[in-house]
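Heads up, coords_37.txt below (compact mmCIF, C-alpha atoms):
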```txt
# COMPACT_ATOMS: atom_id res chain seq x y z
CA MET A 1319 15.12 125.23 193.80
CA PHE A 1320 15.46 128.31 191.61
CA ASN A 1321 14.51 126.29 188.49
CA TYR A 1322 11.43 124.99 190.28
CA PHE A 1323 10.15 128.54 190.92
CA ILE A 1324 10.78 129.54 187.30
CA GLU A 1325 8.79 126.59 185.97
CA VAL A 1326 5.87 127.36 188.30
CA PHE A 1327 5.89 131.00 187.19
CA ILE A 1328 5.83 130.07 183.48
CA GLY A 1329 3.01 127.59 184.06
CA MET A 1330 0.86 130.23 185.75
CA CYS A 1331 1.45 132.76 182.93
CA VAL A 1332 0.49 130.22 180.31
CA SER A 1333 -2.61 129.22 182.26
CA LEU A 1334 -3.76 132.86 182.32
CA TRP A 1335 -2.95 133.64 178.68
CA LEU A 1336 -4.14 130.41 177.02
CA PRO A 1337 -7.93 130.69 177.72
CA SER A 1338 -8.09 134.14 176.17
CA PHE A 1339 -6.26 132.87 173.06
CA VAL A 1340 -8.38 129.78 172.57
CA GLY A 1341 -11.73 131.49 173.47
CA ALA A 1342 -11.58 133.67 170.33
CA HIS A 1343 -11.63 130.58 168.05
CA ALA A 1344 -14.14 128.38 169.94
CA GLU A 1345 -17.12 130.62 170.69
CA ASP A 1346 -19.39 128.37 168.69
CA LYS A 1347 -18.44 125.21 170.43
CA LYS A 1348 -20.56 123.42 172.92
CA VAL A 1349 -20.66 123.75 176.67
CA GLU A 1350 -18.85 120.48 176.92
CA LYS A 1351 -15.79 122.01 175.37
CA LYS A 1352 -15.96 124.92 177.83
CA GLN A 1353 -16.17 122.51 180.71
CA GLU A 1354 -13.24 120.66 179.18
CA LYS A 1355 -11.36 123.91 179.10
CA ARG A 1356 -12.27 124.53 182.70
CA GLY A 1357 -10.88 121.17 183.61
CA ILE A 1358 -7.66 121.94 181.78
CA PHE A 1359 -7.38 125.24 183.61
CA HIS A 1360 -8.10 123.51 186.86
CA ASP A 1361 -5.45 120.85 186.19
CA PHE A 1362 -2.73 123.37 185.28
CA GLY A 1363 -2.75 125.40 188.48
CA GLY A 1364 0.11 124.87 190.91
CA HIS A 1365 1.84 122.01 188.97
CA GLU A 1366 5.11 121.58 187.14
CA PHE A 1367 5.13 121.74 183.35
CA GLY A 1368 8.53 120.44 182.71
CA GLY A 1369 9.12 118.44 179.58
CA HIS A 1370 6.09 119.95 177.55
CA ASP A 1371 6.12 122.23 174.55
CA PHE A 1372 4.15 125.50 174.83
CA GLY A 1373 5.02 126.81 171.41
CA LEU A 1374 2.12 128.43 169.47
CA SER A 1375 3.75 128.43 166.05
CA SER A 1376 3.20 124.74 165.49
CA GLY A 1377 -0.15 124.82 167.17
CA GLY A 1378 0.70 122.11 169.63
CA TYR A 1379 0.37 121.95 173.43
CA GLY A 1380 1.96 119.09 175.25
CA GLY A 1381 2.15 116.96 172.12
CA HIS A 1382 -1.40 118.00 170.90
CA ASP A 1383 -2.50 120.49 168.35
CA PHE A 1384 -4.69 123.35 169.56
CA SER A 1385 -4.71 125.33 166.30
CA SER A 1386 -7.90 126.20 164.45
CA SER A 1387 -6.99 124.01 161.49
CA GLY A 1388 -6.04 120.76 163.23
CA ALA A 1389 -7.14 120.88 166.84
CA TYR A 1390 -10.91 120.71 166.55
CA HIS A 1391 -12.56 119.12 163.57
CA ASP A 1392 -16.09 119.07 162.67
CA ASP A 1393 -16.49 115.54 163.89
CA HIS A 1394 -18.03 115.22 167.23
CA HIS A 1395 -15.19 113.17 168.76
CA HIS A 1396 -14.78 113.61 172.52
CA HIS A 1397 -11.11 113.68 173.60
CA VAL A 1398 -9.98 113.72 177.26
CA LYS A 1399 -6.66 115.36 178.05
CA THR A 1400 -4.59 113.56 180.71
CA VAL A 1401 -1.84 115.58 182.37
CA THR A 1402 0.62 113.84 184.63
CA VAL A 1403 2.07 116.21 187.18
CA VAL A 1404 5.30 115.13 188.88
CA LYS A 1405 6.09 116.96 192.08
CA ASN A 1406 9.68 116.85 193.19
CA VAL A 1407 10.26 116.87 196.96
CA PRO A 1408 13.67 118.26 197.92
CA VAL A 1409 15.64 115.69 199.90
CA PRO A 1410 18.60 116.86 201.96
CA TYR A 1411 21.83 115.33 200.85
CA PRO A 1412 25.32 115.68 202.30
CA VAL A 1413 27.53 118.27 200.78
CA GLU A 1414 31.24 117.93 201.27
CA LYS A 1415 33.01 121.22 201.66
CA HIS A 1416 36.73 121.31 201.90
CA ILE A 1417 37.88 123.83 204.51
CA HIS A 1418 41.56 124.50 204.54
CA VAL A 1419 42.91 124.45 208.09
CA PRO A 1420 46.47 125.58 208.73
CA VAL A 1421 48.51 122.84 210.39
CA GLU A 1422 51.65 123.77 212.24
CA LYS A 1423 54.48 121.44 211.58
CA HIS A 1424 57.51 121.65 213.84
CA ILE A 1425 60.64 121.29 211.81
CA PRO A 1426 63.68 120.90 214.08
CA VAL A 1427 66.39 123.28 213.03
CA PRO A 1428 69.87 122.60 214.39
CA VAL A 1429 71.12 125.53 216.43
CA LYS A 1430 74.80 125.72 217.05
CA VAL A 1431 75.61 126.65 220.62
CA PRO A 1432 79.21 127.65 221.24
CA VAL A 1433 80.73 125.33 223.84
CA PRO A 1434 84.11 126.39 225.24
CA GLN A 1435 86.88 123.84 225.14
CA PRO A 1436 87.82 122.63 227.68
CA TYR A 1437 84.30 122.71 229.13
CA PRO A 1438 84.24 124.29 232.61
CA VAL A 1439 82.39 122.19 235.19
CA GLU A 1440 81.20 123.94 238.31
CA LYS A 1441 80.86 121.84 241.42
CA VAL A 1442 79.09 123.26 244.44
CA VAL A 1443 81.08 122.41 247.56
CA HIS A 1444 79.38 123.20 250.83
CA TYR A 1445 81.71 124.31 253.56
CA PRO A 1446 80.95 125.64 257.04
CA VAL A 1447 81.14 129.38 257.46
CA LYS A 1448 81.55 130.87 260.90
CA GLU A 1449 79.33 133.84 261.33
CA ILE A 1450 80.41 136.37 263.90
CA VAL A 1451 77.47 137.51 265.98
CA LYS A 1452 78.12 140.70 267.88
CA VAL A 1453 76.50 140.66 271.31
CA PRO A 1454 76.53 143.83 273.37
CA VAL A 1455 78.44 143.26 276.62
CA HIS A 1456 78.18 145.67 279.48
CA ILE A 1457 81.63 146.83 280.55
CA PRO A 1458 81.85 148.69 283.88
CA GLN A 1459 83.80 151.92 284.03
CA PRO A 1460 86.50 152.02 285.23
CA TYR A 1461 87.40 148.57 284.04
CA PRO A 1462 88.86 146.44 286.85
CA VAL A 1463 92.05 144.64 285.90
CA GLU A 1464 93.23 141.75 288.03
CA LYS A 1465 96.87 140.94 287.86
CA LYS A 1466 98.17 137.82 289.52
CA VAL A 1467 101.60 138.25 291.04
CA HIS A 1468 103.26 135.05 292.10
CA TYR A 1469 105.51 135.33 295.10
CA PRO A 1470 107.31 132.63 297.06
CA VAL A 1471 105.70 131.53 300.29
CA HIS A 1472 108.04 130.29 303.01
CA VAL A 1473 106.54 127.72 305.29
CA PRO A 1474 108.33 127.75 308.62
CA VAL A 1475 109.53 124.36 309.90
CA ASP A 1476 110.24 123.95 313.59
CA ARG A 1477 112.99 121.36 313.43
CA PRO A 1478 114.28 120.47 309.99
CA VAL A 1479 115.49 116.89 310.16
CA PRO A 1480 118.12 115.88 307.61
CA VAL A 1481 117.18 112.80 305.64
CA LYS A 1482 119.94 110.61 304.36
CA VAL A 1483 119.23 108.65 301.20
CA PHE A 1484 121.33 105.57 300.77
CA VAL A 1485 123.21 105.71 297.50
CA PRO A 1486 125.32 102.66 296.60
CA GLN A 1487 128.91 103.32 295.76
CA PRO A 1488 129.92 102.88 293.02
CA TYR A 1489 126.64 103.84 291.40
CA PRO A 1490 125.64 101.35 288.69
CA VAL A 1491 124.71 102.96 285.40
CA GLU A 1492 122.87 100.87 282.83
CA ARG A 1493 123.21 101.79 279.20
CA HIS A 1494 121.27 100.08 276.44
CA ILE A 1495 123.38 99.47 273.37
CA HIS A 1496 121.46 98.38 270.31
CA VAL A 1497 123.27 95.57 268.51
CA PRO A 1498 122.15 94.84 264.92
CA VAL A 1499 121.15 91.23 264.36
CA LYS A 1500 121.32 89.85 260.86
CA VAL A 1501 118.41 87.67 259.85
CA PRO A 1502 119.07 85.43 256.84
CA VAL A 1503 116.60 86.14 254.05
CA PRO A 1504 116.56 83.71 251.10
CA GLN A 1505 117.09 85.15 247.63
CA PRO A 1506 114.80 85.14 245.72
CA TYR A 1507 112.22 85.56 248.44
CA PRO A 1508 109.42 82.99 248.15
CA VAL A 1509 105.95 84.55 248.10
CA GLU A 1510 103.01 82.30 248.82
CA LYS A 1511 99.75 83.21 247.11
CA HIS A 1512 96.57 81.30 247.78
CA VAL A 1513 94.73 80.68 244.54
CA PRO A 1514 91.34 78.99 244.96
CA VAL A 1515 90.93 76.15 242.44
CA PRO A 1516 87.51 74.63 241.87
CA VAL A 1517 87.55 70.90 242.55
CA LYS A 1518 84.75 68.68 241.33
CA VAL A 1519 83.72 66.15 243.91
CA PRO A 1520 81.74 63.25 242.43
CA VAL A 1521 78.43 62.71 244.16
CA HIS A 1522 76.75 59.37 243.71
CA VAL A 1523 73.14 59.76 242.63
CA PRO A 1524 71.12 56.52 242.33
CA GLN A 1525 69.45 55.85 238.99
CA PRO A 1526 66.52 55.92 238.80
CA TYR A 1527 66.20 58.64 241.42
CA PRO A 1528 63.78 57.61 244.19
CA VAL A 1529 61.05 60.16 244.79
CA GLU A 1530 58.99 59.94 247.94
CA LYS A 1531 55.49 61.26 247.67
CA ILE A 1532 53.37 61.47 250.79
CA ILE A 1533 49.76 60.55 250.14
CA HIS A 1534 47.42 61.11 253.06
CA VAL A 1535 45.00 58.20 253.42
CA PRO A 1536 42.30 58.29 256.04
CA VAL A 1537 42.63 55.32 258.37
CA LYS A 1538 39.66 54.30 260.42
CA VAL A 1539 40.53 52.79 263.75
CA PRO A 1540 37.76 50.47 264.95
CA VAL A 1541 36.71 51.04 268.54
CA ASP A 1542 34.83 48.27 270.34
CA ARG A 1543 33.12 50.30 272.97
CA PRO A 1544 33.16 54.03 272.31
CA VAL A 1545 33.36 56.12 275.47
CA PRO A 1546 31.39 59.36 275.52
CA VAL A 1547 33.72 62.32 275.77
CA HIS A 1548 32.47 65.55 277.18
CA VAL A 1549 33.06 68.43 274.79
CA PRO A 1550 33.11 71.80 276.52
CA LYS A 1551 30.65 74.24 275.03
CA PRO A 1552 31.21 77.95 275.11
CA VAL A 1553 29.58 79.62 278.09
CA PRO A 1554 27.98 83.01 277.53
CA VAL A 1555 30.11 85.67 279.20
CA HIS A 1556 28.74 89.06 280.05
CA VAL A 1557 30.72 91.75 278.29
CA GLU A 1558 30.53 95.20 279.71
CA LYS A 1559 29.82 97.82 277.12
CA PRO A 1560 30.53 101.25 278.47
CA VAL A 1561 27.95 103.89 277.77
CA PRO A 1562 29.30 106.75 275.67
CA TYR A 1563 29.69 109.85 277.74
CA PRO A 1564 30.38 113.38 276.61
CA VAL A 1565 33.99 114.47 276.58
CA ILE A 1566 34.65 118.17 276.80
CA LYS A 1567 37.29 119.16 274.32
CA LYS A 1568 38.52 122.68 274.59
CA VAL A 1569 39.04 124.24 271.21
CA PRO A 1570 40.60 127.69 271.28
CA VAL A 1571 38.48 130.08 269.28
CA PRO A 1572 39.92 133.48 268.49
CA VAL A 1573 37.65 136.22 269.75
CA HIS A 1574 38.07 139.58 268.11
CA ILE A 1575 37.17 142.45 270.39
CA HIS A 1576 36.31 145.61 268.58
CA VAL A 1577 37.92 148.69 270.05
CA ASP A 1578 36.62 152.06 268.98
CA ARG A 1579 39.67 154.05 269.88
CA PRO A 1580 42.76 151.89 270.26
CA VAL A 1581 45.23 153.26 272.75
CA PRO A 1582 48.85 152.98 271.62
CA VAL A 1583 50.86 150.82 273.99
CA PRO A 1584 54.61 151.40 274.04
CA VAL A 1585 56.47 148.19 273.34
CA GLU A 1586 60.13 148.03 274.21
CA LYS A 1587 62.10 146.98 271.20
CA HIS A 1588 65.70 146.10 271.78
CA ILE A 1589 67.82 147.51 269.02
CA PRO A 1590 71.32 146.06 268.94
CA VAL A 1591 73.83 148.86 269.04
CA PRO A 1592 77.40 148.03 268.09
CA VAL A 1593 79.74 148.90 270.93
CA LYS A 1594 83.34 149.50 270.05
CA VAL A 1595 85.61 147.91 272.61
CA PRO A 1596 89.06 149.44 272.58
CA VAL A 1597 91.66 146.75 272.12
CA PRO A 1598 95.20 147.81 273.07
CA GLN A 1599 97.92 147.26 270.52
CA PRO A 1600 99.98 145.24 271.08
CA TYR A 1601 97.46 143.05 272.84
CA PRO A 1602 98.72 141.87 276.25
CA VAL A 1603 98.52 138.13 276.71
CA GLU A 1604 98.59 136.70 280.18
CA LYS A 1605 100.13 133.30 280.45
CA HIS A 1606 99.89 131.46 283.74
CA ILE A 1607 103.16 129.71 284.46
CA PRO A 1608 102.95 127.33 287.43
CA VAL A 1609 105.79 127.91 289.91
CA PRO A 1610 106.67 125.01 292.19
CA VAL A 1611 106.49 125.97 295.86
CA GLU A 1612 108.36 123.82 298.34
CA LYS A 1613 106.30 123.04 301.37
CA HIS A 1614 108.08 121.29 304.23
CA ILE A 1615 105.82 118.75 305.85
CA PRO A 1616 107.17 117.32 309.09
CA TYR A 1617 106.91 113.55 309.14
CA PRO A 1618 108.63 111.01 311.36
CA VAL A 1619 111.84 109.60 309.98
CA LYS A 1620 113.29 106.48 311.52
CA VAL A 1621 117.05 106.60 311.73
CA PRO A 1622 118.61 103.21 312.33
CA VAL A 1623 120.95 103.27 315.38
CA ASP A 1624 123.17 100.33 316.12
CA ARG A 1625 123.42 100.82 319.86
CA PRO A 1626 120.88 103.11 321.40
CA VAL A 1627 122.30 105.28 324.18
CA PRO A 1628 119.97 106.15 327.04
CA VAL A 1629 119.32 109.88 327.21
CA HIS A 1630 118.13 111.46 330.44
CA ILE A 1631 115.07 113.59 329.86
CA GLU A 1632 113.98 115.93 332.61
CA LYS A 1633 110.34 115.68 333.43
CA HIS A 1634 108.81 118.54 335.40
CA VAL A 1635 106.86 117.22 338.32
CA PRO A 1636 104.33 119.63 339.89
CA TYR A 1637 105.03 120.47 343.52
CA PRO A 1638 103.18 122.77 345.98
CA VAL A 1639 104.35 126.37 346.18
CA GLU A 1640 103.32 128.70 348.98
CA LYS A 1641 101.79 131.88 347.75
CA HIS A 1642 101.43 134.84 350.21
CA VAL A 1643 98.08 136.49 349.87
CA PRO A 1644 97.95 140.04 351.36
CA TYR A 1645 95.13 140.71 353.74
CA PRO A 1646 94.22 144.00 355.52
CA VAL A 1647 95.57 144.74 359.01
CA LYS A 1648 94.01 147.55 361.09
CA VAL A 1649 96.62 149.62 362.93
CA PRO A 1650 95.46 152.42 365.27
CA VAL A 1651 96.76 155.83 364.21
CA VAL A 1652 97.08 158.76 366.65
CA TYR A 1653 96.20 162.17 365.22
CA HIS A 1654 97.33 165.53 366.72
CA HIS A 1655 95.12 168.60 366.65
CA GLU A 1656 97.86 171.09 365.94
CA HIS A 1657 98.25 172.05 362.41
CA HIS A 1658 101.95 172.69 362.34
CA ASP A 1659 102.57 169.49 364.15
CA ASP A 1660 100.48 167.72 361.62
CA HIS A 1661 102.59 169.08 358.80
CA HIS A 1662 105.74 168.14 360.66
CA HIS A 1663 104.54 164.66 361.31
CA HIS A 1664 103.49 164.18 357.70
CA ALA A 1665 106.86 165.34 356.52
CA ASP A 1666 108.61 162.94 358.88
CA PHE A 1667 106.52 160.08 357.69
CA SER A 1668 107.17 160.79 354.10
CA SER A 1669 110.91 161.23 354.66
CA SER A 1670 111.49 158.31 356.97
CA GLY A 1671 109.19 155.97 355.14
CA HIS A 1672 107.19 155.01 358.21
CA GLY A 1673 104.10 156.74 357.04
CA PHE A 1674 103.19 153.88 354.74
CA SER A 1675 101.22 152.15 357.42
CA SER A 1676 99.29 155.32 358.26
CA TYR A 1677 98.63 156.05 354.62
CA GLY A 1678 98.06 152.45 353.98
CA GLY A 1679 95.56 152.29 356.77
CA ASP A 1680 93.73 155.25 355.38
CA TYR A 1681 93.91 153.74 351.90
CA HIS A 1682 92.57 150.42 353.16
CA ASP A 1683 89.88 152.11 355.17
CA HIS A 1684 88.90 154.21 352.25
CA HIS A 1685 88.60 151.26 349.84
CA GLY A 1686 87.04 148.98 352.40
CA TYR A 1687 89.78 146.34 352.80
```

Re-express the file's structure as structure tokens.
Amino acid sequence: MFNYFIEVFIGMCVSLWLPSFVGAHAEDKKVEKKQEKRGIFHDFGGHEFGGHDFGLSSGGYGGHDFSSSGAYHDDHHHHVKTVTVVKNVPVPYPVEKHIHVPVEKHIPVPVKVPVPQPYPVEKVVHYPVKEIVKVPVHIPQPYPVEKKVHYPVHVPVDRPVPVKVFVPQPYPVERHIHVPVKVPVPQPYPVEKHVPVPVKVPVHVPQPYPVEKIIHVPVKVPVDRPVPVHVPKPVPVHVEKPVPYPVIKKVPVPVHIHVDRPVPVPVEKHIPVPVKVPVPQPYPVEKHIPVPVEKHIPYPVKVPVDRPVPVHIEKHVPYPVEKHVPYPVKVPVVYHHEHHDDHHHHADFSSSGHGFSSYGGDYHDHHGY
């Protein structure tokens, strides 16, 4: 491209300088020559002059002589200059440009890792762990302690009846005496071991082997008089199609209520507080030991008697008993008006004991008997 611009520039300079150089030597020429020069000037503009010689020393231009001695002679010969202009059109062509791109290549390098010998192998073994959860327990104060004291309870029995248990005499006592029994064992001891042995059982197979192949062949059975058979046809059945109805499905939607001034609400939060329970040392351990208590239960015991002896038992028979019921008896009592006599009489009654009736009469009269 740069060479192309240089050639164009040189061509334009020559085209401007050449008419002034040639015009000094051809003033006396005809108009035809001037027109020819105009044509040359017109043909030179804007074209490439590569491959032509523009030297003025030899007097030649493009293979022709333009000097005063050899270019134009006195003969009237008309010469037409033909200039072939070749215009090069730049065509894009691929240019290969090598761009160096760094490529990372992983080269494995052996790294020595120290491995202890013997190699420890850790195995995770899951085991149950009991976690102690401390729960606060309310203990009343003072702490009640219940102590169970076992004491014998005597059950009174009205008439203890002796029970005789028959014991044979002499008392037989059985004692088991182990007697060793020798079992004869053969030496050496035979040991039976079942070893499965494959046994070939000959099976008779006919040659050639018969192969049964079932070929289905349609067989037409001739019928003399065909009977019409009624074939049931499907009957249209009305199918109920329920109409879709709306189903209300409750979907909980969170509703946020804006509160301008939220009021703090106290929320009780239970904080576990460790309570130290005093444990006495040494710790008393109560062990319940069952104590047998004899309870006498009266039950009838039949005693065998060889000869029963009749025993007279007194039976109380009710009989009538006379019971004296006191009833009031009115006895007339004579009173005296004299006071001293009254005292005397009262004294006599009290001393002699006969005043009971008089007092009794007054007592009965007073109480209404």

For a test of reading the model, state the distance in Å between CA of Pro1590 in chain A and CA of Pro1602 in chain A, rounded to one decimal.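 Pair CA of Pro1590 in chain A / CA of Pro1602 in chain A returns 28.7 Å.
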
May I have the residues within 12 Å of Pro1622 in chain A as a list in words, using all atoms listed in the file and disregarding those fewer than 4 positions away in the same chain?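 My list of contacting residues is Val1481, Lys1482 and Pro1626 of chain A.
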
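CA of Glu1612 in chain A to CA of Val1467 in chain A spans 17.5 Å [interatomic distance, one decimal].
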
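For the pair CA of Val1451 in chain A and CA of Lys1587 in chain A, the separation is 18.8 Å.
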
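Proximity of A:Tyr1527, A:Pro1544, A:Ile1457, A:Phe1323 to Asn1406 in chain A, computed with only C-alpha atoms, is greatest for A:Phe1323.
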
Contact residues around range 1591-1593 of chain A with only C-alpha atoms at 10 Å, ignoring same-chain residues under 2 positions, as a list in words: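 Contacts, in chain order: Lys1452, Val1453, Pro1454, Val1455, His1456, His1588, Ile1589, Val1595 and Pro1596 of chain A.
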
Calculated over all atoms listed in the file, which of the candidates A:Pro1462, A:Pro1474, A:Pro1508, A:Pro1480 has the smallest distance to Pro1618 in chain A?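 Nearest candidate to Pro1618 in chain A out of A:Pro1462, A:Pro1474, A:Pro1508, A:Pro1480: A:Pro1480.
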